[in-house]
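Q: Just so it is clear, I am handing over work_26.cif, which has mmCIF, C-alpha atoms (C1' of nucleotides).
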data_target
loop_
_atom_site.label_atom_id
_atom_site.label_comp_id
_atom_site.auth_asym_id
_atom_site.auth_seq_id
_atom_site.Cartn_x
_atom_site.Cartn_y
_atom_site.Cartn_z
CA MET S 74 0.00 0.00 0.00
CA THR S 75 3.01 2.23 -0.37
CA GLY S 76 1.50 3.06 -3.71
CA SER S 77 3.80 3.36 -6.68
CA THR S 78 2.05 6.69 -6.97
CA GLY S 79 3.27 8.25 -10.16
CA ASP S 80 1.55 11.32 -8.82
CA THR S 81 4.20 11.78 -6.17
CA ARG S 82 5.35 14.70 -8.17
CA SER S 83 2.04 16.50 -7.87
CA ARG S 84 1.79 15.64 -4.20
CA ILE S 85 5.13 17.34 -3.70
CA GLN S 86 3.88 20.37 -5.59
CA ALA S 87 0.72 20.56 -3.52
CA VAL S 88 2.45 20.27 -0.17
CA ALA S 89 5.23 22.66 -1.14
CA LEU S 90 2.77 25.23 -2.42
CA GLU S 91 0.79 25.02 0.77
CA LEU S 92 3.80 25.37 3.05
CA PHE S 93 5.43 28.07 0.95
CA THR S 94 2.24 30.10 1.17
CA GLU S 95 1.65 29.51 4.86
CA GLN S 96 5.17 29.88 6.21
CA GLY S 97 7.04 31.47 3.37
CA TYR S 98 9.41 29.98 0.82
CA GLU S 99 12.60 30.51 2.79
CA LYS S 100 11.21 29.30 6.08
CA THR S 101 10.05 26.05 4.52
CA SER S 102 12.79 23.45 4.29
CA LEU S 103 12.89 20.49 1.97
CA ARG S 104 13.14 18.31 5.05
CA GLU S 105 9.75 19.61 6.17
CA ILE S 106 8.14 18.95 2.82
CA ALA S 107 9.59 15.46 2.72
CA GLU S 108 8.41 14.66 6.24
CA ARG S 109 4.86 15.69 5.42
CA LEU S 110 4.87 13.25 2.54
CA GLY S 111 6.56 10.50 4.47
CA VAL S 112 9.59 10.42 2.21
CA THR S 113 13.16 11.68 2.45
CA LYS S 114 14.75 14.77 1.06
CA ALA S 115 16.63 12.74 -1.50
CA ALA S 116 13.36 11.56 -2.96
CA LEU S 117 12.41 15.13 -3.77
CA TYR S 118 15.52 15.46 -5.87
CA TYR S 119 14.38 12.68 -8.10
CA HIS S 120 11.37 14.77 -9.13
CA PHE S 121 12.83 18.26 -8.96
CA LYS S 122 16.36 19.38 -9.54
CA SER S 123 16.24 22.08 -6.85
CA LYS S 124 13.99 23.90 -4.44
CA ASP S 125 13.57 26.69 -6.96
CA ASP S 126 12.51 24.16 -9.53
CA ILE S 127 9.46 23.27 -7.45
CA VAL S 128 8.37 26.90 -7.62
CA ASP S 129 8.99 26.94 -11.35
CA SER S 130 6.81 23.92 -11.85
CA PHE S 131 3.62 25.52 -10.64
CA VAL S 132 4.33 29.13 -11.51
CA SER S 133 5.17 28.42 -15.14
CA ASP S 134 1.84 26.73 -15.57
CA ARG S 135 0.15 29.84 -14.23
CA VAL S 136 2.09 32.10 -16.55
CA GLU S 137 0.94 30.09 -19.54
CA ARG S 138 -2.67 30.42 -18.53
CA LEU S 139 -2.29 34.15 -18.04
CA ASP S 140 -0.63 34.42 -21.42
CA ARG S 141 -3.70 32.94 -23.04
CA LEU S 142 -5.88 35.30 -21.04
CA ILE S 143 -3.78 38.28 -22.13
CA GLU S 144 -3.93 37.29 -25.76
CA TRP S 145 -7.69 37.03 -25.50
CA ALA S 146 -8.07 40.24 -23.52
CA ALA S 147 -6.14 42.21 -26.13
CA GLU S 148 -8.93 41.39 -28.59
CA GLN S 149 -11.67 42.70 -26.34
CA PRO S 150 -13.21 46.10 -27.02
CA VAL S 151 -11.56 49.07 -25.32
CA ASP S 152 -14.60 50.10 -23.34
CA ALA S 153 -16.28 49.41 -20.04
CA VAL S 154 -17.91 46.25 -21.34
CA GLY S 155 -14.58 44.90 -22.56
CA ARG S 156 -12.96 45.66 -19.25
CA ARG S 157 -15.72 43.98 -17.31
CA THR S 158 -15.51 40.93 -19.52
CA THR S 159 -11.75 40.73 -19.08
CA LEU S 160 -11.90 41.06 -15.35
CA ARG S 161 -14.61 38.45 -15.12
CA ARG S 162 -12.41 35.94 -16.87
CA TYR S 163 -9.50 36.91 -14.68
CA CYS S 164 -11.69 36.31 -11.67
CA GLU S 165 -12.74 32.88 -12.89
CA GLU S 166 -9.13 32.03 -13.56
CA PHE S 167 -8.20 33.29 -10.11
CA PHE S 168 -10.79 31.35 -8.18
CA GLY S 169 -10.38 28.17 -10.18
CA ASP S 170 -8.62 25.10 -8.76
CA ASP S 171 -4.94 25.81 -8.14
CA GLY S 172 -5.21 29.31 -9.52
CA ARG S 173 -6.09 30.70 -6.15
CA ASN S 174 -3.31 28.80 -4.43
CA VAL S 175 -0.60 29.98 -6.77
CA MET S 176 -1.78 33.56 -6.61
CA GLN S 177 -1.76 33.43 -2.84
CA PHE S 178 1.78 32.15 -2.97
CA PHE S 179 2.45 35.15 -5.18
CA GLU S 180 1.02 37.54 -2.60
CA GLN S 181 2.78 35.98 0.34
CA ASN S 182 6.21 35.71 -1.22
CA ARG S 183 6.77 38.97 -2.99
CA THR S 184 10.50 39.13 -2.53
CA VAL S 185 10.88 35.60 -3.83
CA VAL S 186 8.73 36.38 -6.82
CA LYS S 187 10.77 39.53 -7.42
CA HIS S 188 14.06 37.68 -7.73
CA HIS S 189 12.88 34.41 -9.21
CA PRO S 190 12.82 34.22 -13.03
CA ALA S 191 9.46 32.49 -13.20
CA GLY S 192 8.13 34.83 -10.54
CA GLN S 193 9.17 37.82 -12.57
CA MET S 194 7.20 36.47 -15.49
CA LEU S 195 4.12 36.10 -13.33
CA ARG S 196 4.56 39.60 -12.01
CA ASP S 197 5.02 40.84 -15.53
CA ARG S 198 1.77 39.24 -16.67
CA MET S 199 -0.11 40.89 -13.84
CA LEU S 200 1.18 44.29 -14.86
CA ARG S 201 0.32 43.54 -18.46
CA ILE S 202 -3.28 42.80 -17.56
CA ALA S 203 -3.54 46.04 -15.60
CA GLU S 204 -2.12 47.78 -18.66
CA LEU S 205 -4.76 46.28 -20.91
CA LEU S 206 -7.49 47.28 -18.48
CA SER S 207 -6.33 50.89 -18.54
CA ARG S 208 -5.94 51.24 -22.30
CA ALA S 209 -8.79 53.77 -22.40
CA ASP S 210 -6.93 55.91 -19.87
CA PRO S 211 -3.25 55.09 -19.55
CA SER S 212 -2.76 57.98 -17.14
CA PRO S 213 -1.73 57.29 -13.55
CA ALA S 214 -5.39 57.47 -12.54
CA GLY S 215 -6.34 54.78 -15.03
CA GLN S 216 -3.40 52.63 -14.01
CA LEU S 217 -4.28 52.81 -10.35
CA ARG S 218 -7.95 52.07 -10.95
CA ALA S 219 -7.07 49.04 -13.03
CA THR S 220 -4.66 47.78 -10.40
CA LEU S 221 -7.23 48.23 -7.66
CA ALA S 222 -9.78 46.36 -9.74
CA LEU S 223 -7.42 43.40 -9.90
CA PHE S 224 -6.70 43.75 -6.24
CA SER S 225 -10.39 43.66 -5.50
CA VAL S 226 -10.28 40.02 -6.56
CA HIS S 227 -7.14 39.24 -4.59
CA GLY S 228 -8.14 41.22 -1.54
CA SER S 229 -11.53 39.59 -1.33
CA LEU S 230 -9.72 36.57 0.07
CA PHE S 231 -8.37 38.18 3.21
CA ALA S 232 -10.24 41.45 3.64
CA LEU S 233 -13.53 39.86 4.58
CA ARG S 234 -14.28 38.85 8.13
CA GLY S 235 -17.25 36.68 8.88
CA GLU S 236 -18.61 33.76 6.93
CA ILE S 237 -19.10 34.18 3.25
CA SER S 238 -19.44 31.62 0.49
CA SER S 239 -16.97 31.46 -2.33
CA THR S 240 -19.50 32.55 -4.92
CA GLU S 241 -20.66 35.47 -2.80
CA ARG S 242 -17.06 36.49 -2.37
CA GLN S 243 -16.50 36.26 -6.08
CA GLU S 244 -19.58 38.29 -6.96
CA LEU S 245 -18.72 40.98 -4.47
CA ALA S 246 -15.16 41.23 -5.76
CA LEU S 247 -16.50 41.66 -9.28
CA GLU S 248 -19.11 44.19 -8.26
CA ILE S 249 -16.61 46.53 -6.68
CA ALA S 250 -14.02 45.92 -9.35
CA ASN S 251 -16.59 46.91 -11.95
CA GLU S 252 -17.22 50.21 -10.21
CA LEU S 253 -13.54 50.97 -10.58
CA LEU S 254 -13.37 49.75 -14.16
CA ASP S 255 -16.37 51.84 -15.14
CA ARG S 256 -14.54 54.97 -14.10
CA ILE S 257 -11.55 54.31 -16.31
CA GLY S 258 -11.52 56.77 -19.22
CA GLU S 259 -14.73 58.27 -18.00
CA ASP S 260 -13.69 61.41 -16.17
CA PRO S 261 -16.59 62.58 -13.99
CA THR S 262 -14.97 66.01 -13.48
CA GLY S 263 -15.07 66.84 -17.17
CA ASN S 264 -11.46 67.88 -17.71
CA ASP S 265 -9.67 65.46 -20.00
CA GLU S 266 -10.84 63.59 -23.01
CA PRO S 267 -13.74 61.24 -22.37
CA GLU S 268 -13.53 57.73 -23.74
CA PRO S 269 -15.32 57.48 -27.10
CA GLY S 270 -18.29 55.16 -27.35
CA THR S 271 -18.85 54.10 -23.77
CA ASP S 272 -22.00 54.47 -21.81
CA SER S 273 -22.55 51.53 -19.55
CA THR S 274 -22.86 53.88 -16.60
CA PRO S 275 -26.20 55.69 -16.57
CA ALA S 276 -25.26 58.30 -13.96
CA ALA S 277 -23.52 61.66 -14.30
CA ALA S 278 -23.81 62.55 -17.97
CA ALA S 279 -25.34 65.99 -17.74
CA GLY S 280 -23.31 68.76 -19.45
CA MET H 108 37.06 59.54 11.23
CA THR H 109 35.72 56.23 12.44
CA GLY H 110 33.09 58.28 14.22
CA SER H 111 32.06 57.26 17.70
CA THR H 112 28.65 57.38 16.10
CA GLY H 113 26.13 56.81 18.83
CA ASP H 114 23.71 56.56 15.95
CA THR H 115 25.13 53.22 14.92
CA ARG H 116 21.92 51.73 16.13
CA SER H 117 19.80 53.75 13.74
CA ARG H 118 22.20 53.08 10.90
CA ILE H 119 21.73 49.39 11.49
CA GLN H 120 17.96 49.86 11.45
CA ALA H 121 18.08 51.79 8.22
CA VAL H 122 20.30 49.33 6.39
CA ALA H 123 18.40 46.33 7.70
CA LEU H 124 15.06 47.80 6.73
CA GLU H 125 16.31 48.52 3.25
CA LEU H 126 17.75 45.06 2.69
CA PHE H 127 14.81 43.26 4.28
CA THR H 128 12.49 45.11 1.94
CA GLU H 129 14.60 44.64 -1.17
CA GLN H 130 15.68 41.02 -0.75
CA GLY H 131 13.39 39.73 1.93
CA TYR H 132 13.99 39.14 5.63
CA GLU H 133 15.18 35.55 5.35
CA LYS H 134 17.45 36.16 2.40
CA THR H 135 19.23 38.96 4.20
CA SER H 136 21.96 37.74 6.54
CA LEU H 137 23.42 39.62 9.46
CA ARG H 138 26.78 39.26 7.76
CA GLU H 139 25.45 41.28 4.82
CA ILE H 140 24.08 44.03 7.05
CA ALA H 141 27.34 44.21 8.96
CA GLU H 142 29.40 44.40 5.78
CA ARG H 143 27.37 47.28 4.46
CA LEU H 144 28.10 49.20 7.64
CA GLY H 145 31.73 48.20 7.76
CA VAL H 146 31.39 46.41 11.07
CA THR H 147 31.23 42.77 12.12
CA LYS H 148 28.28 40.59 12.95
CA ALA H 149 29.17 40.64 16.61
CA ALA H 150 28.80 44.40 16.67
CA LEU H 151 25.15 44.06 15.69
CA TYR H 152 24.54 41.93 18.73
CA TYR H 153 25.63 44.76 20.96
CA HIS H 154 22.74 46.86 19.71
CA PHE H 155 20.12 44.18 19.10
CA LYS H 156 19.65 40.90 20.87
CA SER H 157 18.62 39.03 17.73
CA LYS H 158 17.70 39.43 14.09
CA ASP H 159 14.05 39.47 15.04
CA ASP H 160 14.77 42.24 17.48
CA ILE H 161 15.84 44.53 14.64
CA VAL H 162 12.43 44.05 13.07
CA ASP H 163 10.77 44.74 16.39
CA SER H 164 12.65 47.98 16.78
CA PHE H 165 11.15 49.66 13.76
CA VAL H 166 7.83 47.89 13.62
CA SER H 167 6.90 48.67 17.22
CA ASP H 168 7.42 52.32 16.55
CA ARG H 169 5.03 52.06 13.64
CA VAL H 170 2.43 50.27 15.71
CA GLU H 171 2.49 53.03 18.30
CA ARG H 172 1.90 55.68 15.67
CA LEU H 173 -0.98 53.69 14.20
CA ASP H 174 -2.43 53.26 17.66
CA ARG H 175 -2.58 57.02 18.04
CA LEU H 176 -4.16 57.27 14.61
CA ILE H 177 -6.75 54.66 15.50
CA GLU H 178 -7.65 56.37 18.74
CA TRP H 179 -8.11 59.60 16.87
CA ALA H 180 -10.02 58.01 14.00
CA ALA H 181 -12.49 56.42 16.39
CA GLU H 182 -13.56 59.95 17.39
CA GLN H 183 -14.23 61.05 13.84
CA PRO H 184 -17.80 61.26 12.56
CA VAL H 185 -19.18 58.10 10.97
CA ASP H 186 -19.80 59.65 7.60
CA ALA H 187 -18.02 60.25 4.30
CA VAL H 188 -16.27 63.33 5.65
CA GLY H 189 -14.96 61.43 8.65
CA ARG H 190 -13.73 58.64 6.45
CA ARG H 191 -11.97 61.03 4.10
CA THR H 192 -10.34 62.79 7.02
CA THR H 193 -9.16 59.51 8.49
CA LEU H 194 -7.73 58.28 5.26
CA ARG H 195 -5.98 61.56 4.64
CA ARG H 196 -4.18 61.26 7.93
CA TYR H 197 -3.34 57.65 7.17
CA CYS H 198 -1.91 58.78 3.87
CA GLU H 199 0.25 61.44 5.52
CA GLU H 200 1.45 58.89 8.04
CA PHE H 201 2.16 56.48 5.23
CA PHE H 202 4.16 58.84 3.06
CA GLY H 203 6.03 60.40 5.95
CA ASP H 204 9.72 59.69 6.63
CA ASP H 205 10.19 56.05 7.61
CA GLY H 206 6.48 55.30 7.45
CA ARG H 207 6.70 54.39 3.82
CA ASN H 208 9.75 52.21 4.33
CA VAL H 209 8.24 50.18 7.14
CA MET H 210 4.99 49.71 5.27
CA GLN H 211 6.88 48.51 2.23
CA PHE H 212 8.68 46.04 4.43
CA PHE H 213 5.23 44.99 5.56
CA GLU H 214 4.09 44.40 1.98
CA GLN H 215 7.21 42.55 0.91
CA ASN H 216 7.45 40.24 3.90
CA ARG H 217 3.94 39.05 4.54
CA THR H 218 4.84 35.64 5.87
CA VAL H 219 7.35 37.17 8.28
CA VAL H 220 4.79 39.68 9.47
CA LYS H 221 2.27 36.90 9.86
CA HIS H 222 4.40 34.90 12.27
CA HIS H 223 6.25 37.69 14.02
CA PRO H 224 4.59 39.09 17.17
CA ALA H 225 5.27 42.71 16.30
CA GLY H 226 4.23 42.04 12.73
CA GLN H 227 0.94 40.62 13.90
CA MET H 228 0.28 43.80 15.81
CA LEU H 229 0.95 45.86 12.71
CA ARG H 230 -1.32 43.66 10.68
CA ASP H 231 -3.95 43.93 13.37
CA ARG H 232 -3.82 47.73 13.32
CA MET H 233 -4.31 47.74 9.56
CA LEU H 234 -7.41 45.62 9.88
CA ARG H 235 -8.64 47.85 12.68
CA ILE H 236 -8.37 50.93 10.50
CA ALA H 237 -10.30 49.21 7.73
CA GLU H 238 -12.89 48.31 10.33
CA LEU H 239 -13.22 51.92 11.41
CA LEU H 240 -13.55 53.04 7.83
CA SER H 241 -16.41 50.64 7.24
CA ARG H 242 -18.39 51.40 10.39
CA ALA H 243 -21.23 52.87 8.32
CA ASP H 244 -21.46 49.61 6.39
CA PRO H 245 -19.81 46.66 8.13
CA SER H 246 -21.06 44.29 5.45
CA PRO H 247 -18.54 42.51 3.21
CA ALA H 248 -19.03 45.23 0.59
CA GLY H 249 -18.11 47.93 3.08
CA GLN H 250 -15.14 45.95 4.32
CA LEU H 251 -13.78 45.42 0.85
CA ARG H 252 -14.23 49.06 -0.14
CA ALA H 253 -12.42 50.20 2.99
CA THR H 254 -9.57 47.76 2.37
CA LEU H 255 -9.23 48.88 -1.23
CA ALA H 256 -9.17 52.50 -0.11
CA LEU H 257 -6.19 51.70 2.10
CA PHE H 258 -4.62 49.74 -0.69
CA SER H 259 -5.02 52.69 -2.99
CA VAL H 260 -2.39 54.40 -0.86
CA HIS H 261 -0.10 51.37 -0.75
CA GLY H 262 -0.58 50.43 -4.38
CA SER H 263 0.19 53.91 -5.60
CA LEU H 264 3.82 53.12 -4.90
CA PHE H 265 4.19 50.29 -7.37
CA ALA H 266 1.19 50.42 -9.68
CA LEU H 267 2.26 53.57 -11.47
CA ARG H 268 4.62 53.44 -14.41
CA GLY H 269 6.19 56.62 -15.69
CA GLU H 270 7.48 59.57 -13.75
CA ILE H 271 5.27 61.07 -11.12
CA SER H 272 6.09 63.29 -8.17
CA SER H 273 5.46 62.16 -4.64
CA THR H 274 2.76 64.75 -4.07
CA GLU H 275 1.01 63.86 -7.31
CA ARG H 276 1.13 60.24 -6.32
CA GLN H 277 -0.27 61.07 -2.93
CA GLU H 278 -3.10 63.18 -4.32
CA LEU H 279 -4.05 60.55 -6.84
CA ALA H 280 -4.10 57.84 -4.19
CA LEU H 281 -6.42 59.97 -2.08
CA GLU H 282 -8.67 60.86 -4.98
CA ILE H 283 -9.37 57.27 -5.86
CA ALA H 284 -9.54 56.18 -2.25
CA ASN H 285 -12.16 58.84 -1.65
CA GLU H 286 -14.30 57.49 -4.47
CA LEU H 287 -14.33 54.17 -2.69
CA LEU H 288 -14.93 55.68 0.72
CA ASP H 289 -17.85 57.74 -0.56
CA ARG H 290 -19.62 54.58 -1.58
CA ILE H 291 -19.44 53.02 1.85
CA GLY H 292 -22.86 52.98 3.44
CA GLU H 293 -24.29 54.77 0.46
CA ASP H 294 -25.88 52.05 -1.61
CA PRO H 295 -26.45 53.38 -5.13
CA THR H 296 -28.78 50.49 -5.97
CA GLY H 297 -31.27 51.39 -3.26
CA ASN H 298 -31.59 48.06 -1.51
CA ASP H 299 -30.21 48.20 2.03
CA GLU H 300 -30.32 50.93 4.60
CA PRO H 301 -28.62 54.12 3.52
CA GLU H 302 -26.23 55.78 5.94
CA PRO H 303 -27.96 58.50 7.97
CA GLY H 304 -26.71 62.06 7.67
CA THR H 305 -24.23 61.87 4.83
CA ASP H 306 -24.22 63.96 1.74
CA SER H 307 -20.72 64.89 0.76
CA THR H 308 -21.34 63.48 -2.67
CA PRO H 309 -23.31 65.89 -4.84
CA ALA H 310 -24.32 63.37 -7.50
CA ALA H 311 -27.16 60.89 -7.51
CA ALA H 312 -29.52 62.25 -4.88
CA ALA H 313 -32.69 62.57 -6.87
CA GLY H 314 -35.59 60.70 -5.36
"C1'" DG B 217 31.42 49.89 21.40
"C1'" DT B 218 33.68 46.98 18.47
"C1'" DC B 219 36.69 43.19 17.51
"C1'" DT B 220 38.37 37.86 16.78
"C1'" DA B 221 37.20 33.37 17.19
"C1'" DT B 222 34.20 29.84 17.52
"C1'" DA B 223 30.19 26.90 18.98
"C1'" DC B 224 26.05 25.10 17.30
"C1'" DT B 225 22.53 24.17 13.99
"C1'" DT B 226 20.46 23.68 9.74
"C1'" DA B 227 20.14 24.34 5.04
"C1'" DG B 228 20.40 22.58 0.03
"C1'" DA B 229 22.41 19.21 -2.60
"C1'" DT B 230 24.92 14.72 -4.25
"C1'" DA B 231 26.63 9.65 -4.48
"C1'" DG B 232 25.57 5.27 -4.64
"C1'" DA B 233 23.00 1.11 -2.67
"C1'" DC B 234 18.62 -1.28 -3.25
"C1'" DG U 141 11.56 5.61 -7.26
"C1'" DT U 142 13.19 5.77 -2.82
"C1'" DC U 143 16.64 5.04 0.63
"C1'" DT U 144 21.15 5.96 3.79
"C1'" DA U 145 24.95 8.60 4.37
"C1'" DT U 146 27.49 12.49 3.71
"C1'" DC U 147 29.37 16.89 1.75
"C1'" DT U 148 29.70 21.83 1.78
"C1'" DA U 149 28.17 26.19 2.86
"C1'" DA U 150 25.90 29.47 5.59
"C1'" DG U 151 23.17 30.89 9.14
"C1'" DT U 152 22.37 32.85 14.13
"C1'" DA U 153 24.34 33.53 18.25
"C1'" DT U 154 27.89 33.74 22.15
"C1'" DA U 155 32.45 34.35 24.83
"C1'" DG U 156 35.94 37.07 25.85
"C1'" DA U 157 39.89 40.31 24.41
"C1'" DC U 158 40.72 45.18 23.53
#
Give the structure from this file in structure tokens form.
A:
Amino acid sequence: MTGSTGDTRSRIQAVALELFTEQGYEKTSLREIAERLGVTKAALYYHFKSKDDIVDSFVSDRVERLDRLIEWAAEQPVDAVGRRTTLRRYCEEFFGDDGRNVMQFFEQNRTVVKHHPAGQMLRDRMLRIAELLSRADPSPAGQLRATLALFSVHGSLFALRGEISSTERQELALEIANELLDRIGEDPTGNDEPEPGTDSTPAAAAG
Amino acid sequence: MTGSTGDTRSRIQAVALELFTEQGYEKTSLREIAERLGVTKAALYYHFKSKDDIVDSFVSDRVERLDRLIEWAAEQPVDAVGRRTTLRRYCEEFFGDDGRNVMQFFEQNRTVVKHHPAGQMLRDRMLRIAELLSRADPSPAGQLRATLALFSVHGSLFALRGEISSTERQELALEIANELLDRIGEDPTGNDEPEPGTDSTPAAAAG
DNA sequence: GTCTATACTTAGATAGAC
DNA sequence: GTCTATCTAAGTATAGAC
């Protein structure tokens, strides 16, 4: 019943990801990961060539998925509807299966991500998505709104006290993100150029 | 010219804080900190009893300042004006002198903060401020808006590409944070109870 | 207040048996 | 595919001279 597994590799990934997120990458030793799985350190080295390589294995997968999302998002219309659609897909990607776990690792290990090649790619993709979301207003205001919209999804995981179901959480994150997205390229003060061809927000249009 | 210093202690704090933020707490060794200052590891132990203690020294100071802010914020009116006032002070605290540095350390070392006693206090104070900001609407929506308002300040440091002055950055962060704060306890859809006695937002008041 | 020297522990990683 | 045994490097921390 030792089980020839074959999925030992993914069990290592799962345990490592969990511990890296909970305790931090540096604080988690290979010994600890091995013990949790009931194997020895040496066994880990059969499946991964280094500690870093474990990170690579699940981050790279995430980067690929985001690349597909980016490619798709670039084709969406540059208006409030397009932004909402893009963020909705991002949200689905985020809350899906291991998506959430990897992104939480991302949040909890910023300095690792910053210096790790695969981490830099992930970080880069995040910035790229924010960039696409603020195409209608690439000014600092647009950039910050887009970033906060993304962070609405991320933050919904730890900002909310009290019981709340996953779908409620998801809907709430989208609702507030949409408020931010709707303001991109809109300009309620009436100074700069308004975004052409966008009126998904009924309020504040009197001249 | 060796300088009897006397401020060696604060030089250690400054260098440590910078390296912890840039490379991460765990990745930064005491050897590295000592080398930067041109002293030996042992010298550090004269001023601090451990590596953790260095973190304590600058985080505790931050916690005290936030405690005063919290005490003050609790006295502010529970309306949009009170929230704006509170966040403005938070912003000033954040962008002031070492405030920004410590809070960046906080962002970059989440797992350290999570398991470090002083870090937990800092984290706790952040949550408390969000709680105060969402008093008018303690629902998940209010909580998330308040958290995003705070994050508008934090995020303004890394979300913005291109050159931008510190004051511009600060003003922008406040502007967008205020948009979020104004929606707390407001309810534009007209479902739940609206916040009593608040009309700092001129738009959308037709009944 | 800072140094040299060192004790103690643990980390990541490899070699080779089974 | 997993084990035992071991290497090498680096870490935090302490003792005691100056």
Q: Residues of chain B within 12 Å of chain S, counting only C-alpha atoms (C1' of nucleotides), what are they? List them as a PDB file with C-alpha atoms (C1' of nucleotides), in the frame of the given file.
A:
ATOM      1  C1'  DT B 226      20.460  23.680   9.740  1.00  0.00           C
ATOM      2  C1'  DA B 227      20.140  24.340   5.040  1.00  0.00           C
ATOM      3  C1'  DG B 228      20.400  22.580   0.030  1.00  0.00           C
ATOM      4  C1'  DA B 229      22.410  19.210  -2.600  1.00  0.00           C
ATOM      5  C1'  DT B 230      24.920  14.720  -4.250  1.00  0.00           C
ATOM      6  C1'  DA B 231      26.630   9.650  -4.480  1.00  0.00           C
TER       7       DA B 231
END
Q: Within 8 Å of chain U, which residues of chain S show up? Give each one with its shortest atom-to-atom distance in Å (one decimal) and the two atoms involved, counting all atoms listed in the file, rows by chain then rising residue number, as CSV.
A:
residue,atom,partner,partner_atom,distance
S:Val112,CA,U:DT142,C1',7.7
S:Thr113,CA,U:DC143,C1',7.7
S:Ala115,CA,U:DT142,C1',7.9
S:Ala116,CA,U:DT142,C1',5.8
S:Tyr119,CA,U:DG141,C1',7.7
Q: Pull out every residue that the PyMOL selection byres ((chain S and resi 253) around 10) matches in the shown coordinates and put them as number ranges by chain.
A: S: 153, 157, 215, 217-223, 225, 247-252, 254-257; H: 283, 286-287
Q: Using the chain letters and numbering of this document, enumerate as a ChimeraX atom specification the residues selected by the PyMOL selection byres ((chain H) within 9 of (chain S)).
A: /H:128-134,214-219,221-222,234,237,246-248,250-252,254-256,258-259,262-263,266-269,271,276,279-280,282-283,286-287,310-311
Q: Contacts of S:Arg156 at 9 Å or less, counting only C-alpha atoms (C1' of nucleotides), minus same-chain residues fewer than 2 places along, as an mmCIF file with C-alpha atoms, in the coordinates of the input?
A:
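Printed below is selection_14.cif as written:
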data_model
loop_
_atom_site.group_PDB
_atom_site.id
_atom_site.type_symbol
_atom_site.label_atom_id
_atom_site.label_comp_id
_atom_site.auth_asym_id
_atom_site.auth_seq_id
_atom_site.Cartn_x
_atom_site.Cartn_y
_atom_site.Cartn_z
ATOM 1 C CA ALA S 146 -8.070 40.240 -23.520
ATOM 2 C CA GLN S 149 -11.670 42.700 -26.340
ATOM 3 C CA PRO S 150 -13.210 46.100 -27.020
ATOM 4 C CA VAL S 151 -11.560 49.070 -25.320
ATOM 5 C CA ASP S 152 -14.600 50.100 -23.340
ATOM 6 C CA ALA S 153 -16.280 49.410 -20.040
ATOM 7 C CA VAL S 154 -17.910 46.250 -21.340
ATOM 8 C CA THR S 158 -15.510 40.930 -19.520
ATOM 9 C CA THR S 159 -11.750 40.730 -19.080
ATOM 10 C CA LEU S 160 -11.900 41.060 -15.350
ATOM 11 C CA ARG S 161 -14.610 38.450 -15.120
ATOM 12 C CA LEU S 205 -4.760 46.280 -20.910
ATOM 13 C CA LEU S 206 -7.490 47.280 -18.480
ATOM 14 C CA SER S 207 -6.330 50.890 -18.540
ATOM 15 C CA ASN S 251 -16.590 46.910 -11.950
ATOM 16 C CA LEU S 254 -13.370 49.750 -14.160
ATOM 17 C CA ASP S 255 -16.370 51.840 -15.140
#
Q: Rounded to one decimal in Å, what is the spacing between atom CA of S:Met194 and atom CA of H:Thr135?
A: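 Separating atom CA of S:Met194 from atom CA of H:Thr135 is a distance of 23.2 Å.
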Q: Where does the PyMOL selection byres ((chain S and resi 173) around 12) land in this file, that is, which residues does it pick, as a ChimeraX atom specification?
A: /S:90-91,94,131-132,135,163-172,174-180,226-230,239,243
Q: Filtering to C-alpha atoms, could you give me those residues as a tab-separated table (two decimals), in the coordinates of the input?
A:
chain	number	residue	atom	x	y	z
S	90	LEU	CA	2.77	25.23	-2.42
S	91	GLU	CA	0.79	25.02	0.77
S	94	THR	CA	2.24	30.10	1.17
S	131	PHE	CA	3.62	25.52	-10.64
S	132	VAL	CA	4.33	29.13	-11.51
S	135	ARG	CA	0.15	29.84	-14.23
S	163	TYR	CA	-9.50	36.91	-14.68
S	164	CYS	CA	-11.69	36.31	-11.67
S	165	GLU	CA	-12.74	32.88	-12.89
S	166	GLU	CA	-9.13	32.03	-13.56
S	167	PHE	CA	-8.20	33.29	-10.11
S	168	PHE	CA	-10.79	31.35	-8.18
S	169	GLY	CA	-10.38	28.17	-10.18
S	170	ASP	CA	-8.62	25.10	-8.76
S	171	ASP	CA	-4.94	25.81	-8.14
S	172	GLY	CA	-5.21	29.31	-9.52
S	174	ASN	CA	-3.31	28.80	-4.43
S	175	VAL	CA	-0.60	29.98	-6.77
S	176	MET	CA	-1.78	33.56	-6.61
S	177	GLN	CA	-1.76	33.43	-2.84
S	178	PHE	CA	1.78	32.15	-2.97
S	179	PHE	CA	2.45	35.15	-5.18
S	180	GLU	CA	1.02	37.54	-2.60
S	226	VAL	CA	-10.28	40.02	-6.56
S	227	HIS	CA	-7.14	39.24	-4.59
S	228	GLY	CA	-8.14	41.22	-1.54
S	229	SER	CA	-11.53	39.59	-1.33
S	230	LEU	CA	-9.72	36.57	0.07
S	239	SER	CA	-16.97	31.46	-2.33
S	243	GLN	CA	-16.50	36.26	-6.08
Q: May I ask for the distance between atom CA of S:Leu195 and atom CA of S:Ala107, given in Å to one decimal place?
A: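 Computing it gives 26.7 Å between the two atoms.
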Q: Rounded to one decimal place, report the atom CA of S:Pro190-atom CA of S:Asp129 distance in Å.
A: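 Separation of atom CA of S:Pro190 and atom CA of S:Asp129: 8.4 Å.
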Q: Hey, could you pull the box centre and edge lengths for stretch 229-233 of chain B, axis-aligned, 3 Å padding per side, all listed atoms, to one decimal in Å, as lines of an AutoDock Vina configuration file?
A:
center_x = 24.5
center_y = 10.2
center_z = -3.6
size_x = 10.2
size_y = 24.1
size_z = 8.0
